[in-house]
Amino acid sequence: MFHELFYGFSIAFQPVNLLSCFVGVLIGTLVGVLPGIGPVGAMSLLLPVTFGVSPVSAIIMLAGIYYGAMYGGSTTSILVNIPGEAASVVTCLDGYQMALQGRAGPALGIAAFGSFIAGTFGVVGLMFMATPLAEFALKFGPPEYFSLVCLGLSVLIYLTQGSILRGLVMAGLGIFLSLIGQDVIQGTARFTFGFIGLVDGVGLVPLVMGLFGISEILLNLEKLKERIILKTEIKSLLPTREDWRRSAKPIARGTLLGFFLGILPGGGAIISSFVSYALEKKFSRHPEQFGKGAIEGVAGPESANNSASSGAFIPLFSLGIPANVVMALLLGALMIHGLQPGPLILTQHSEIFWGTVASMYVGNVMLLALNLPLIGIWVQILKIPYKTLFPLILLFCLIGVYSVSANVFDIYVMLVFGALGYLFRKLNYEPAPLVLAFVLGPMLEKNLRQALILSDGSITVFLTRPLSAGSLLIALFLLLSAVLPSLQKRRKKVISEE
Amino acid sequence: MLTKKFRKIEGFSWLGIGAVICFLAWKVHLGSFQEPGPGFVAFVSGLFISIVGLIMVLSQVLSRVSSDDGFDLGLAFRNISWLRLGYTMVLLFGYAVFLNTLGFILTTFLVMWGLLYDRKKNNWALSFLTSAVIIGVSYLVFEVWLRSQLPRGIFPWW
């Protein structure tokens, strides 16, 4: 393993990959800092830019954006009380209170150090767990993959805030949208409605940019508000010894929790930060201090979301199944670069896996160096009024989408999904299950059809194989909670505790 | 009351959308369990959406209390600047319509000018200048540095 890691470092330290890593974490921090454009938007925006570089450089940069955004998100939460991205929502609760008490420095400091420790641990875990899991996954057949995809979608829907029924509808719609274009087995065009632009299917980039980027801008444009930035002098970013004493265990717990929640399909940074906060409040001797500036409420969730962002790479690299929307986008990027994600990627394209792992070590160090001294610059960027910022974000979206295939049709697709995404969000429909189902749809279709052909049309094939049956049973149990009132109450309790 | 009514309509809408998907899937050939065709999975997804839509309708019809998910239709759409949203979307669709004809530089400039213009401040000169700067920078980044194939339109020398 260490031999492979050294090989990974030899790739990560190549100048072009170092630059990709730096650009990735820098942009990631920036989008984490700026409310209104999250890592998904930024990654889809930069996806076309990566076409000109090697797959390993592309994945290094895109991965850097993801974990960079996890670092950067804490800055706005602490200083402006607006989360830069969803995984930092919970940091607002105590981080902003600390800032009001004149302790913005230690809050930002512990967030950065906690993120660094958790991020590094997450990479170590990724390194040790991905290979054995990939070896195990080589024994999987179409029924297992089909059932795992169903499980992944069910977990995401179960953990979605809001109605399970709406989550299910979104997943169904996502699967249908993914089937537009050429049939994976017979190669015939379907559901194109006479549009030549749909023969290759709905593009992932226009869909994601529309549902997340454009809809977010429209939501922000509804009511333009001036951001109030706390006028506090950040004296020292270094936490005191007492801060470290209080934060050590929350960082350790957040790291472990985040890592394992990150692996779960449908889990990830957002959920792990909420669960970590709830956990720290339960473990604390002074739970009444939470929400009033408890440093544990910053250290735990910030560590958890960074650790989760590393853990989420495990199912992607070892099974080819994305754990969340960001990983779905990375999966799309790998496929655009002609690589088939799954267990074989670790042996056939080991440079991708080990290069990315090694670059994450390097990226974590870069982030620590970026976050602490550059906080002043991030604060200045936050002062740019949204009226000036949103046309620029829109321009990037337009150019980004157009340059994927030099086709105006993709801009229409993005705008239609932007309007739909806006309506969905206004009506309490979350777009995440749709996007994950959209990415997993072709995999689900291929494995379902292959499994049925191989079993001569017998659907018992999904129930006679232990892993497949187990996955489907868990998925069924989660979905039944939508119709059984007692289980529904328990789910609501879990989500409200988060 | 408004929200409950909406939730019923919403259920019926999904029921209808699911049925349409099933019909489209049937048209492209469903195949059989032994040999599933290109419409097989789409049919299943349409059926699934319809069933969920039906559950939504039934849950609204059978339950006497209003939905307890905290959603309020009236509140969700209150105090929205529809003019601003509509104006932005029209500009964006205009961008798609005119991009190939007018070319990247002119279309982007006009759309940026429109987006940056603030009616209350009447800052047409400042927004004009800012758009010009944005165009210059984006041309350098995308056309010169990244060599993106952006359309030149009616001005091929750009």
# chains A, B, ... in the order shown; residues from 1 in each chain; ligands from 1

$ interface_residues --of "chain B" --to "chain A" --cutoff "8 Å" --atoms "only C-alpha atoms" --output "number ranges by chain"
B: 14, 21, 24, 28, 32-36, 38, 41-42, 45-46, 48-49, 52-53, 56, 69, 71, 73, 76-77, 79-82, 84-85, 89, 92-93, 96, 99-100, 108, 112, 115-116, 146, 148-150

$ select_by_dssp --residues "segment 34-254 of chain A" --states "alpha helix (DSSP H)" --output "PyMOL selection string"
chain A and resi 39-46+55-79+91-100+104-137+142-159+164-179+204-208+215-222+241-254

$ write_last_selection --atoms "C-alpha atoms" --output "compact mmCIF listing (two decimals), in the first residue's frame"
# COMPACT_ATOMS: atom_id res chain seq x y z
CA PRO A 39 -19.53 22.98 -4.73
CA VAL A 40 -21.98 21.30 -7.12
CA GLY A 41 -22.43 24.49 -9.13
CA ALA A 42 -18.71 25.23 -9.14
CA MET A 43 -17.78 21.70 -10.19
CA SER A 44 -20.26 21.63 -13.03
CA LEU A 45 -19.03 25.06 -14.06
CA LEU A 46 -15.43 23.89 -14.22
CA PRO A 55 -8.26 12.66 -16.27
CA VAL A 56 -6.12 12.55 -13.13
CA SER A 57 -5.59 16.34 -13.15
CA ALA A 58 -9.32 16.82 -13.74
CA ILE A 59 -10.36 14.62 -10.82
CA ILE A 60 -7.72 16.19 -8.55
CA MET A 61 -9.10 19.65 -9.32
CA LEU A 62 -12.76 18.69 -8.98
CA ALA A 63 -12.10 16.82 -5.73
CA GLY A 64 -10.22 19.89 -4.47
CA ILE A 65 -13.26 22.05 -5.11
CA TYR A 66 -15.39 19.71 -3.01
CA TYR A 67 -13.26 19.46 0.10
CA GLY A 68 -12.13 23.09 -0.33
CA ALA A 69 -15.77 24.20 -0.17
CA MET A 70 -16.17 22.30 3.09
CA TYR A 71 -13.30 24.39 4.54
CA GLY A 72 -14.49 27.70 3.12
CA GLY A 73 -18.12 27.31 4.15
CA SER A 74 -17.33 27.94 7.80
CA THR A 75 -16.05 31.49 7.17
CA THR A 76 -19.43 32.92 6.12
CA SER A 77 -21.24 30.94 8.78
CA ILE A 78 -19.06 32.46 11.49
CA LEU A 79 -18.70 36.02 10.19
CA THR A 91 -21.76 26.15 12.18
CA CYS A 92 -23.82 29.35 12.18
CA LEU A 93 -25.45 28.39 15.49
CA ASP A 94 -22.36 28.70 17.66
CA GLY A 95 -19.80 30.15 15.28
CA TYR A 96 -21.69 33.41 14.80
CA GLN A 97 -22.37 33.65 18.53
CA MET A 98 -18.64 33.27 19.18
CA ALA A 99 -18.00 36.06 16.68
CA LEU A 100 -20.53 38.30 18.44
CA ALA A 104 -14.33 35.10 15.69
CA GLY A 105 -10.59 34.27 15.50
CA PRO A 106 -10.66 31.11 17.63
CA ALA A 107 -13.91 30.02 15.91
CA LEU A 108 -12.33 30.34 12.47
CA GLY A 109 -9.10 28.79 13.78
CA ILE A 110 -10.72 25.71 15.32
CA ALA A 111 -12.86 25.26 12.19
CA ALA A 112 -9.71 25.28 10.04
CA PHE A 113 -7.65 23.02 12.35
CA GLY A 114 -10.57 20.61 12.91
CA SER A 115 -11.16 20.46 9.17
CA PHE A 116 -7.47 19.74 8.57
CA ILE A 117 -7.31 16.93 11.14
CA ALA A 118 -10.58 15.37 9.95
CA GLY A 119 -9.72 15.77 6.28
CA THR A 120 -6.36 14.07 6.78
CA PHE A 121 -7.90 11.20 8.77
CA GLY A 122 -10.55 10.82 6.09
CA VAL A 123 -7.90 10.40 3.42
CA VAL A 124 -6.11 7.73 5.51
CA GLY A 125 -9.43 5.89 5.90
CA LEU A 126 -10.11 6.18 2.19
CA MET A 127 -6.72 4.70 1.46
CA PHE A 128 -7.22 1.68 3.71
CA MET A 129 -10.87 0.94 2.94
CA ALA A 130 -11.30 1.51 -0.78
CA THR A 131 -9.01 -1.30 -1.98
CA PRO A 132 -10.53 -4.19 0.08
CA LEU A 133 -14.04 -3.00 -0.74
CA ALA A 134 -13.19 -2.85 -4.45
CA GLU A 135 -11.80 -6.40 -4.31
CA PHE A 136 -15.02 -7.54 -2.64
CA ALA A 137 -17.11 -5.65 -5.20
CA PRO A 142 -26.03 -7.12 -12.03
CA PRO A 143 -28.56 -8.04 -9.28
CA GLU A 144 -26.24 -6.75 -6.54
CA TYR A 145 -25.54 -3.51 -8.38
CA PHE A 146 -29.22 -2.95 -9.08
CA SER A 147 -30.11 -3.48 -5.41
CA LEU A 148 -27.25 -1.26 -4.20
CA VAL A 149 -28.45 1.55 -6.48
CA CYS A 150 -31.98 1.13 -5.07
CA LEU A 151 -30.56 1.23 -1.54
CA GLY A 152 -28.53 4.37 -2.27
CA LEU A 153 -31.57 6.16 -3.60
CA SER A 154 -33.72 5.02 -0.68
CA VAL A 155 -31.23 6.23 1.93
CA LEU A 156 -30.99 9.62 0.24
CA ILE A 157 -34.78 9.93 0.05
CA TYR A 158 -35.15 8.80 3.67
CA LEU A 159 -32.70 11.41 4.89
CA ILE A 164 -40.64 11.20 1.49
CA LEU A 165 -43.36 11.09 -1.16
CA ARG A 166 -41.92 14.16 -2.85
CA GLY A 167 -38.44 12.63 -2.64
CA LEU A 168 -39.76 9.47 -4.30
CA VAL A 169 -41.37 11.45 -7.11
CA MET A 170 -38.13 13.32 -7.69
CA ALA A 171 -36.20 10.03 -7.87
CA GLY A 172 -38.73 8.58 -10.35
CA LEU A 173 -38.49 11.69 -12.49
CA GLY A 174 -34.68 11.59 -12.33
CA ILE A 175 -34.67 7.99 -13.57
CA PHE A 176 -36.98 8.86 -16.46
CA LEU A 177 -34.84 11.87 -17.44
CA SER A 178 -31.73 9.67 -17.43
CA LEU A 179 -33.37 7.35 -19.96
CA LEU A 204 -25.51 16.25 -16.60
CA VAL A 205 -23.89 19.70 -16.53
CA PRO A 206 -26.92 21.69 -17.81
CA LEU A 207 -29.23 19.70 -15.53
CA VAL A 208 -27.15 20.24 -12.39
CA SER A 215 -32.50 28.13 -9.24
CA GLU A 216 -30.29 29.32 -6.36
CA ILE A 217 -29.72 32.64 -8.13
CA LEU A 218 -33.45 33.04 -8.75
CA LEU A 219 -34.15 32.35 -5.08
CA ASN A 220 -31.60 34.96 -4.06
CA LEU A 221 -33.04 37.45 -6.56
CA GLU A 222 -36.52 37.18 -5.04
CA ARG A 241 -5.30 25.85 25.33
CA GLU A 242 -8.77 25.77 26.90
CA ASP A 243 -10.34 25.88 23.43
CA TRP A 244 -8.20 22.92 22.39
CA ARG A 245 -9.12 21.00 25.55
CA ARG A 246 -12.82 21.50 24.87
CA SER A 247 -12.52 20.78 21.14
CA ALA A 248 -10.27 17.69 21.12
CA LYS A 249 -13.01 15.11 21.72
CA PRO A 250 -15.60 16.79 19.46
CA ILE A 251 -13.01 16.82 16.66
CA ALA A 252 -12.25 13.11 17.21
CA ARG A 253 -15.95 12.16 17.37
CA GLY A 254 -16.86 14.37 14.41

$ closest_residue --among "A:Leu434, A:Leu34, A:Leu440, A:Met327" --to "Leu420 of chain A" --atoms "only C-alpha atoms"
A:Leu434

$ residues_around --residues "Ile381 of chain A" --least-positions-apart "2" --cutoff "9 Å" --atoms "only C-alpha atoms" --output "ChimeraX atom specification"
/A:30,33-34,376-379,383-384

$ atom_distance --atom1 "atom CA of Leu18 of chain A" --atom2 "atom CA of Phe6 of chain A"
15.2 Å

$ atom_distance --atom1 "atom CA of Asn17 of chain A" --atom2 "atom CA of Ser303 of chain A"
25.9 Å

$ select_by_dssp --residues "segment 95-214 of chain A" --states "strand (DSSP E or B)" --output "ChimeraX atom specification"
/A:181-182,189-190

$ write_last_selection --atoms "N, CA and C atoms" --output "PDB file, in the first residue's frame"
ATOM      1  N   GLY A 181     -32.679   9.679 -24.655  1.00  0.00           N
ATOM      2  CA  GLY A 181     -31.500   9.505 -25.522  1.00  0.00           C
ATOM      3  C   GLY A 181     -31.357   8.064 -25.955  1.00  0.00           C
ATOM      4  N   GLN A 182     -30.116   7.656 -26.219  1.00  0.00           N
ATOM      5  CA  GLN A 182     -29.909   6.300 -26.741  1.00  0.00           C
ATOM      6  C   GLN A 182     -30.075   5.228 -25.673  1.00  0.00           C
ATOM      7  N   ALA A 189     -32.719   5.464 -30.295  1.00  0.00           N
ATOM      8  CA  ALA A 189     -33.049   6.735 -29.624  1.00  0.00           C
ATOM      9  C   ALA A 189     -34.470   6.665 -29.074  1.00  0.00           C
ATOM     10  N   ARG A 190     -34.676   7.238 -27.893  1.00  0.00           N
ATOM     11  CA  ARG A 190     -36.022   7.204 -27.276  1.00  0.00           C
ATOM     12  C   ARG A 190     -36.284   8.503 -26.516  1.00  0.00           C
TER      13      ARG A 190
END

$ closest_residue --among "A:Ser284, A:Val199, A:Phe313, A:Thr50" --to "His337 of chain A" --atoms "only C-alpha atoms"
A:Thr50

$ closest_residue --among "B:Phe109, B:Leu58, B:Leu102, B:His29" --to "Val133 of chain B" --atoms "only C-alpha atoms"
B:Phe109

$ atom_distance --atom1 "atom CA of Arg103 of chain A" --atom2 "atom CA of Asn364 of chain A"
24.3 Å
